[in-house]
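Peer 1: So that we are looking at the same thing, I have put the structure below in structure tokens.
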Amino acid sequence: MKRGLVEPVGANADVYQARVERLRERMRHAGVEVALLYGDVYRSDDIAHLTNLCIYWNEGVVAVPTEGSAALLAKLSKRVHPWMRRTSTLTDLRASQQLPELIGAYLDERRAGQVGLVDERWWPAPLVDGIRSTHSDRAYVDMPEAVRTERIVPDALDRADIRRAGALVRAGLGAAVDGNGTPAERIAELEFAARAGGARDVIARCLPTAFGLHVECSVQFANVWAHGSRMADGDSALEAAFAAASAALAPEVTLAALQRAAGDGVLVSLISHTDIATDGDLMVPPNSADSLPPGGAFVLRVGRGAVRLADTYLLAGSSSEPLTRSLEAAA
Amino acid sequence: MNLAERDWRWARVREQMAADGVDALLGYAPGWRREDLRYLADVQLNGSFAFLYLPAEGEATAFALAKDREAFAAARWVTDVRDLDPSGLVQLVGMLAGGQRPQTLGVSHLELLPLGFRDAIAASLGGASRLVSATRLMSAVRLVKSGQELARMRRCGQITDAAWDALLGSLRPGATEYEVVASTEAALKRLGATDNFMLIASGGADVRGMTPPSSRRLEPGDMVRTELTPQCDGYWTQICRSAVLGQASSAQRASFELFSEALEAGLAVLRAGVTAHDVALAENDVFRSHGLGEYCTAQWTRVRGHGHGAHLDEVAIVEGEDTVLEAGSVVIVHPNTFTPLAGYHVLGDPVVVTDDGWEPLLATPRVLFEIEI
């Protein structure tokens, strides 16, 4: 549950508008009149990317028409609408416990045309059934990864915020790894370091393993995430493998190349920053021959069994910028 | 928790399944609603989804991401744990297609089941089976807690009390709301909490509700309101309190007296056999008697309390909700709402419902706290 800092859009309204326009380009290309995005407290980064709305509880749908302003259609009480208006770009906020009917009423106001369901596969089935049955005269089309794809290479605002998220991961892991406390005490230090630094959300675990204490931490700052994990007691072999893989990390490199660099006996994996919130559970595993896009931000993981080291990197120029460990440590 | 506890729970679930005409249960745990698998398997999950299949007779089968398989092994309630493949649910649909297909498969949180999962499950069952929601079935079963569940909730209550103390210790002019949350979070995690749900608001009579924290800095005279809900060993308890930086104004005191009267009225009627409606009615009647009844409506407030347990927001305490609160149920009674007296105000305590009343889960006094500055 999100319980960290939520700040208004401030001077960045144009950035959010530009993001909506990129989605609209895709909508026009697909012949879609209205795009619908579903989000809940666990997974709503696409919605936040377009609107800065923080769904801190329950679930909701954001409708983006080809013309006019986006709207929130949600079960959330109207009481929180003033806060949502203050902190997001949304001005059209609608609430009802009957979400299909609410969405249907919204569609009735729009001109005829196809409705795009962004990542339809992950929408709750009864909600999709309800929308389709109440408005069977409409045509519906899946828009898989229509927003996520645009987020993989972060824009200037997201780049700045990912660096902030990375710094908070660095501070949190440092506080947890440097201490001598119990796992609970280490997590407490980590949480304080990240949240007092302005994190919107923190997911942290500290687990005893056969190889020592394992600490991992994901931090959301504003609408983006960074992730890192460490072994509190060190693991020189794993660290050497990780160092070799991270040294090879650069734009256009492949997962297969990173695996070769790390060597046998360890498993290398990559997660786009867009999938940190769900720990990569929903993403299609990358093809080992696919090359990493320049400008993208990725978590590099090198693991052996339940133990793994991880850091988040921004791929820039011909190299990679470590975001969750100091440059000295990365070297 | 031991296997006797598991058997007690599964028997309760199966009894309700028989009553509802459900031949087999498929517990679904999306990332933000894991309570049914906590109940059925006593697991602390980390993955974005997991399933547990419980037939009318025989052993259960769990389907989990690799990261969660160790949790099932540690709990030892379910020994048949299979891989969960999000792209096609291969093992789950294989089991459903290959076994004796239930005529009626109840799915808890069917309302949240992704389209891709639902279609794969439905296809595996064929046209002779039907999927029905078992969300209310599981909510009804989970309403009454066992002795072992209550022991966990009492422990969580102790951490909740300590977290409130930590929050009080962090209140000072100049502190931001998010720094207060950070201090509170650190305190409850240090004591072993595994999660927390928390809303906060600070300021004067213009505050209309609570939200995630902002960078607003606290000022003398502010009333800080919070709903603080740690989770420990899979169980949640909540505290609702308000605190003033400095001496409370007469308006803030009057507001507190109103909310205290409403809370005590709700608690006064609470005992096994009453409905959630009865409790809400008692709270709201206090507001009505003061000419403030409009502030009990959905325009200003959501609920007048709610159930607690493996989920933090179980049965709603609202007028019209006819769920009977049985002995062993846990509810928080909180008449939280906005009034013009001093703005949004919160006050509430979770309690265990007993045959002749209730037992508290918290020790924090139900007062308006004043912070010396």
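If you're wondering about the labels, chains in the structure tokens are A, B, ... by order shown, residues count from 1 in each chain, ligands from 1 in order shown.
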Enumerate as a PyMOL selection string all residues of region 149-269 of chain A assigned to helix (DSSP H, G or I) by DSSP on the backbone, naming them with the chain letters and numbers the document uses.
Peer 2: chain A and resi 149-151+156-178+183-196+236-248+255-262
Peer 1: Please check the contacts: residues of chain A at most 7 Å away from chain B, using only C-alpha atoms, listed as a list in words.
Peer 2: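 So the residues of chain A near chain B are Met1, Arg3, Gly4, Leu5, Val6, Glu7, Val41, Tyr42, Lys78, Arg79, Arg121, Trp122, Trp123, Pro124, Ala125, Pro126, Ala184, Glu185, Ile187, Ala188, Glu189, Glu191, Phe192, Arg195, Ala196, Thr278 and Asp281 of chain A.
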Peer 1: Could those residues be written to a file, using C-alpha atoms, as a PDB file, in the first residue's frame?
Peer 2:
```pdb
ATOM      1  CA  MET A   1       0.000   0.000   0.000  1.00  0.00           C
ATOM      2  CA  ARG A   3       1.880   5.633   2.018  1.00  0.00           C
ATOM      3  CA  GLY A   4       4.789   7.827   0.970  1.00  0.00           C
ATOM      4  CA  LEU A   5       5.138  11.323  -0.389  1.00  0.00           C
ATOM      5  CA  VAL A   6       2.733  12.390  -3.126  1.00  0.00           C
ATOM      6  CA  GLU A   7       3.498  15.788  -4.624  1.00  0.00           C
ATOM      7  CA  VAL A  41      -3.078  -0.108  -5.641  1.00  0.00           C
ATOM      8  CA  TYR A  42      -0.629  -2.860  -6.610  1.00  0.00           C
ATOM      9  CA  LYS A  78     -15.811  11.336  -4.177  1.00  0.00           C
ATOM     10  CA  ARG A  79     -14.399  12.595  -0.893  1.00  0.00           C
ATOM     11  CA  ARG A 121      -5.160  -9.529 -20.689  1.00  0.00           C
ATOM     12  CA  TRP A 122      -4.538  -8.122 -17.221  1.00  0.00           C
ATOM     13  CA  TRP A 123      -7.927  -6.475 -16.758  1.00  0.00           C
ATOM     14  CA  PRO A 124     -10.332  -8.163 -14.331  1.00  0.00           C
ATOM     15  CA  ALA A 125     -12.440 -10.454 -16.504  1.00  0.00           C
ATOM     16  CA  PRO A 126     -15.818  -9.540 -14.950  1.00  0.00           C
ATOM     17  CA  ALA A 184      13.652  -6.262  11.394  1.00  0.00           C
ATOM     18  CA  GLU A 185      16.003  -3.547  12.653  1.00  0.00           C
ATOM     19  CA  ILE A 187      14.467  -3.081   7.469  1.00  0.00           C
ATOM     20  CA  ALA A 188      13.498  -0.286   9.858  1.00  0.00           C
ATOM     21  CA  GLU A 189      16.688   1.622   9.005  1.00  0.00           C
ATOM     22  CA  GLU A 191      12.481   2.212   5.458  1.00  0.00           C
ATOM     23  CA  PHE A 192      13.385   5.364   7.342  1.00  0.00           C
ATOM     24  CA  ARG A 195      10.765   7.341   3.230  1.00  0.00           C
ATOM     25  CA  ALA A 196      12.346  10.331   4.967  1.00  0.00           C
ATOM     26  CA  THR A 278       5.626  -6.173  -9.894  1.00  0.00           C
ATOM     27  CA  ASP A 281       5.978 -11.039 -12.687  1.00  0.00           C
TER      28      ASP A 281
END
```
Peer 1: B:Leu3, B:Ala73, B:Ser133, B:Ala122: which is nearest Tyr28 (chain B), counting only C-alpha atoms?
Peer 2: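 The closest residue to Tyr28 (chain B) is B:Ser133.
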Peer 1: At a cut-off of 9 Å, using only C-alpha atoms, what residues contact Phe72 (chain B)? Leave out same-chain residues fewer than 3 positions from it and give the result as a PyMOL selection string.
Peer 2: chain B and resi 41-45+62+64+68-69+75-79+81
Peer 1: Just C-alpha atoms for this one: save the residues we selected as a PDB file, in the first residue's frame.
Peer 2:
```pdb
ATOM      1  CA  ALA B  41      -2.283 -21.918   3.644  1.00  0.00           C
ATOM      2  CA  ASP B  42      -0.823 -19.548   6.286  1.00  0.00           C
ATOM      3  CA  VAL B  43       1.631 -18.104   3.775  1.00  0.00           C
ATOM      4  CA  GLN B  44       3.163 -14.654   3.468  1.00  0.00           C
ATOM      5  CA  LEU B  45       3.242 -14.130  -0.296  1.00  0.00           C
ATOM      6  CA  ALA B  62      -1.129 -24.579  -4.531  1.00  0.00           C
ATOM      7  CA  ALA B  64       2.836 -20.264  -6.939  1.00  0.00           C
ATOM      8  CA  ASP B  68       6.737 -17.932  -3.123  1.00  0.00           C
ATOM      9  CA  ARG B  69       7.311 -21.657  -3.099  1.00  0.00           C
ATOM     10  CA  ALA B  75       4.157 -23.180   6.462  1.00  0.00           C
ATOM     11  CA  ARG B  76       3.741 -26.911   5.659  1.00  0.00           C
ATOM     12  CA  TRP B  77      -0.037 -26.654   5.349  1.00  0.00           C
ATOM     13  CA  VAL B  78       0.039 -27.492   1.635  1.00  0.00           C
ATOM     14  CA  THR B  79       2.602 -29.980   0.379  1.00  0.00           C
ATOM     15  CA  VAL B  81       2.897 -26.861  -4.584  1.00  0.00           C
TER      16      VAL B  81
END
```
Peer 1: Taking 4 positions as the minimum chain separation for residues in the same chain, which residues sit within 6 Å of Leu105 (chain B) when counting only C-alpha atoms? Answer as a ChimeraX atom specification.
Peer 2: /B:24-25,131
Peer 1: Selection from above, N, CA and C atoms, as a CSV table (one decimal), in the first residue's frame, can you write it?
Peer 2:
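Printed below is selection_33.csv as written:
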```
chain,number,residue,atom,x,y,z
B,24,ALA,N,-15.8,-27.1,-5.6
B,24,ALA,CA,-14.4,-27.0,-5.3
B,24,ALA,C,-14.1,-25.5,-5.2
B,25,LEU,N,-13.1,-25.1,-4.5
B,25,LEU,CA,-12.7,-23.7,-4.3
B,25,LEU,C,-11.4,-23.4,-4.9
B,131,LEU,N,-18.1,-21.2,-13.4
B,131,LEU,CA,-17.3,-20.4,-12.4
B,131,LEU,C,-18.2,-19.5,-11.7
```
Peer 1: Can you tell me which residues surround Ala276 (chain B) at a distance of at most 10 Å, considering only C-alpha atoms, apart from same-chain residues fewer than 4 positions away, and format the answer as a count of residues only?
Peer 2: 21
Peer 1: Which residue gives the smallest distance to Met283 (chain A) among A:Leu270, A:Leu23, A:Ala74, A:Val9, with only C-alpha atoms counted?
Peer 2: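 Nearest to Met283 (chain A): A:Leu270.
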Peer 1: For Arg253 (chain B), which of B:Thr354, B:Val367, B:Val269, B:Phe338 is the closest residue, counting only C-alpha atoms?
Peer 2: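 Nearest to Arg253 (chain B): B:Val367.
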Peer 1: Would you compute the distance between CA of His29 (chain A) and CA of Val224 (chain A)? Give it in Å to one decimal.
Peer 2: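 Answer for the CA of His29 (chain A) to CA of Val224 (chain A) separation: 27.2 Å.
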Peer 1: For each of B:Gly328, B:Gly58, B:Pro173, B:Pro230, take the minimum atom-to-atom distance to Ala151 (chain B), counting only C-alpha atoms, then give the residue where this is smallest.
Peer 2: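 Closest to Ala151 (chain B), using only C-alpha atoms: B:Gly328.
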Peer 1: How far is it from CA of Leu368 (chain B) to CA of Glu261 (chain B), in Å with one decimal?
Peer 2: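 These atoms are spaced 12.8 Å apart.
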Peer 1: Check region 191-363 of chain B with DSSP on the backbone and list each residue it calls strand (DSSP E or B), as JSON, numbers by chain.
Peer 2: {"B": [195, 196, 197, 198, 199, 200, 201, 202, 203, 211, 217, 223, 224, 225, 226, 227, 228, 229, 230, 231, 232, 235, 236, 239, 240, 241, 242, 243, 244, 245, 275, 305, 306, 307, 316, 324, 329, 330, 331, 332, 333, 337, 345, 348, 349, 350, 351, 352, 353, 354, 357, 358, 359, 360]}
Peer 1: Quick one: of B:His277, B:Arg38, B:His334, B:His345, who's nearest to Ser242 (chain B), counting only C-alpha atoms?
Peer 2: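 Going through B:His277, B:Arg38, B:His334, B:His345 one by one, the smallest distance to Ser242 (chain B) is for B:His345.
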Peer 1: Which neighbours of region 164-170 of chain A fall inside 7 Å, counting only C-alpha atoms, when residues of the same chain fewer than 2 positions from it are skipped, and could you give them as a list of chain:residue names?
Peer 2: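 The filter keeps A:Ala160, A:Asp161, A:Ile162, A:Gly172, A:Leu173, A:Gly174, A:Ala194, A:Gly197, A:Cys217, A:Ser218, A:Val219, A:Gln220, A:Phe221, A:Trp225, A:Ala226, A:His227, A:Gly228, A:Leu323, A:Thr324, A:Arg325.
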Peer 1: Next, dump the selected residues to file, keeping only N, CA and C atoms, as a PDB file, in the first residue's frame.
Peer 2:
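The result, written out as again28.pdb:
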```pdb
ATOM      1  N   ALA A 160      15.215  12.007 -14.307  1.00  0.00           N
ATOM      2  CA  ALA A 160      15.589  12.704 -13.065  1.00  0.00           C
ATOM      3  C   ALA A 160      15.018  11.975 -11.852  1.00  0.00           C
ATOM      4  N   ASP A 161      13.784  11.518 -11.972  1.00  0.00           N
ATOM      5  CA  ASP A 161      13.150  10.847 -10.832  1.00  0.00           C
ATOM      6  C   ASP A 161      13.739   9.451 -10.585  1.00  0.00           C
ATOM      7  N   ILE A 162      14.142   8.761 -11.638  1.00  0.00           N
ATOM      8  CA  ILE A 162      14.785   7.453 -11.443  1.00  0.00           C
ATOM      9  C   ILE A 162      16.122   7.645 -10.709  1.00  0.00           C
ATOM     10  N   GLY A 172      18.970   3.434   1.404  1.00  0.00           N
ATOM     11  CA  GLY A 172      18.278   2.403   2.174  1.00  0.00           C
ATOM     12  C   GLY A 172      19.111   1.149   2.337  1.00  0.00           C
ATOM     13  N   LEU A 173      19.697   0.694   1.236  1.00  0.00           N
ATOM     14  CA  LEU A 173      20.538  -0.509   1.321  1.00  0.00           C
ATOM     15  C   LEU A 173      21.746  -0.267   2.200  1.00  0.00           C
ATOM     16  N   GLY A 174      22.303   0.946   2.083  1.00  0.00           N
ATOM     17  CA  GLY A 174      23.461   1.269   2.925  1.00  0.00           C
ATOM     18  C   GLY A 174      23.101   1.184   4.402  1.00  0.00           C
ATOM     19  N   ALA A 194      14.689   5.662   3.197  1.00  0.00           N
ATOM     20  CA  ALA A 194      14.004   5.883   1.921  1.00  0.00           C
ATOM     21  C   ALA A 194      12.796   6.799   2.078  1.00  0.00           C
ATOM     22  N   GLY A 197      13.477  10.369   2.819  1.00  0.00           N
ATOM     23  CA  GLY A 197      14.026  11.016   1.630  1.00  0.00           C
ATOM     24  C   GLY A 197      12.988  11.314   0.574  1.00  0.00           C
ATOM     25  N   CYS A 217      15.625  -4.201  -2.024  1.00  0.00           N
ATOM     26  CA  CYS A 217      14.882  -2.972  -1.815  1.00  0.00           C
ATOM     27  C   CYS A 217      14.440  -2.386  -3.151  1.00  0.00           C
ATOM     28  N   SER A 218      13.149  -2.103  -3.266  1.00  0.00           N
ATOM     29  CA  SER A 218      12.624  -1.365  -4.408  1.00  0.00           C
ATOM     30  C   SER A 218      12.019  -0.072  -3.878  1.00  0.00           C
ATOM     31  N   VAL A 219      12.334   1.031  -4.514  1.00  0.00           N
ATOM     32  CA  VAL A 219      11.830   2.335  -4.074  1.00  0.00           C
ATOM     33  C   VAL A 219      11.173   3.036  -5.247  1.00  0.00           C
ATOM     34  N   GLN A 220       9.976   3.561  -4.986  1.00  0.00           N
ATOM     35  CA  GLN A 220       9.312   4.421  -5.956  1.00  0.00           C
ATOM     36  C   GLN A 220       9.502   5.868  -5.510  1.00  0.00           C
ATOM     37  N   PHE A 221      10.041   6.687  -6.389  1.00  0.00           N
ATOM     38  CA  PHE A 221      10.083   8.130  -6.153  1.00  0.00           C
ATOM     39  C   PHE A 221       9.250   8.777  -7.259  1.00  0.00           C
ATOM     40  N   TRP A 225      10.571   3.768 -10.438  1.00  0.00           N
ATOM     41  CA  TRP A 225      11.153   2.864  -9.456  1.00  0.00           C
ATOM     42  C   TRP A 225      12.627   2.579  -9.761  1.00  0.00           C
ATOM     43  N   ALA A 226      13.351   2.251  -8.696  1.00  0.00           N
ATOM     44  CA  ALA A 226      14.692   1.669  -8.822  1.00  0.00           C
ATOM     45  C   ALA A 226      14.770   0.506  -7.836  1.00  0.00           C
ATOM     46  N   HIS A 227      15.690  -0.389  -8.080  1.00  0.00           N
ATOM     47  CA  HIS A 227      15.790  -1.605  -7.261  1.00  0.00           C
ATOM     48  C   HIS A 227      17.252  -1.981  -7.075  1.00  0.00           C
ATOM     49  N   GLY A 228      17.557  -2.550  -5.921  1.00  0.00           N
ATOM     50  CA  GLY A 228      18.887  -3.098  -5.683  1.00  0.00           C
ATOM     51  C   GLY A 228      18.825  -4.177  -4.634  1.00  0.00           C
ATOM     52  N   LEU A 323      22.708   3.513 -10.847  1.00  0.00           N
ATOM     53  CA  LEU A 323      21.852   4.426 -10.089  1.00  0.00           C
ATOM     54  C   LEU A 323      21.718   4.038  -8.631  1.00  0.00           C
ATOM     55  N   THR A 324      22.009   2.796  -8.307  1.00  0.00           N
ATOM     56  CA  THR A 324      21.739   2.320  -6.951  1.00  0.00           C
ATOM     57  C   THR A 324      23.007   1.940  -6.193  1.00  0.00           C
ATOM     58  N   ARG A 325      24.134   2.274  -6.738  1.00  0.00           N
ATOM     59  CA  ARG A 325      25.387   2.157  -5.966  1.00  0.00           C
ATOM     60  C   ARG A 325      26.317   3.266  -6.411  1.00  0.00           C
TER      61      ARG A 325
END
```
Peer 1: CA of Trp10 (chain B) and CA of Ala60 (chain B) are how many Å apart?
Peer 2: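 Separation of CA of Trp10 (chain B) and CA of Ala60 (chain B): 9.6 Å.
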Peer 1: Can you tell me which residues surround region 346-350 of chain B at a distance of at most 10 Å, considering only C-alpha atoms, apart from same-chain residues fewer than 3 positions away, and format the answer as a ChimeraX atom specification?
Peer 2: /B:153,157,209-210,224-227,236-243,255-256,259-260,262-264,267,304-308,330-338,343,353,358-368
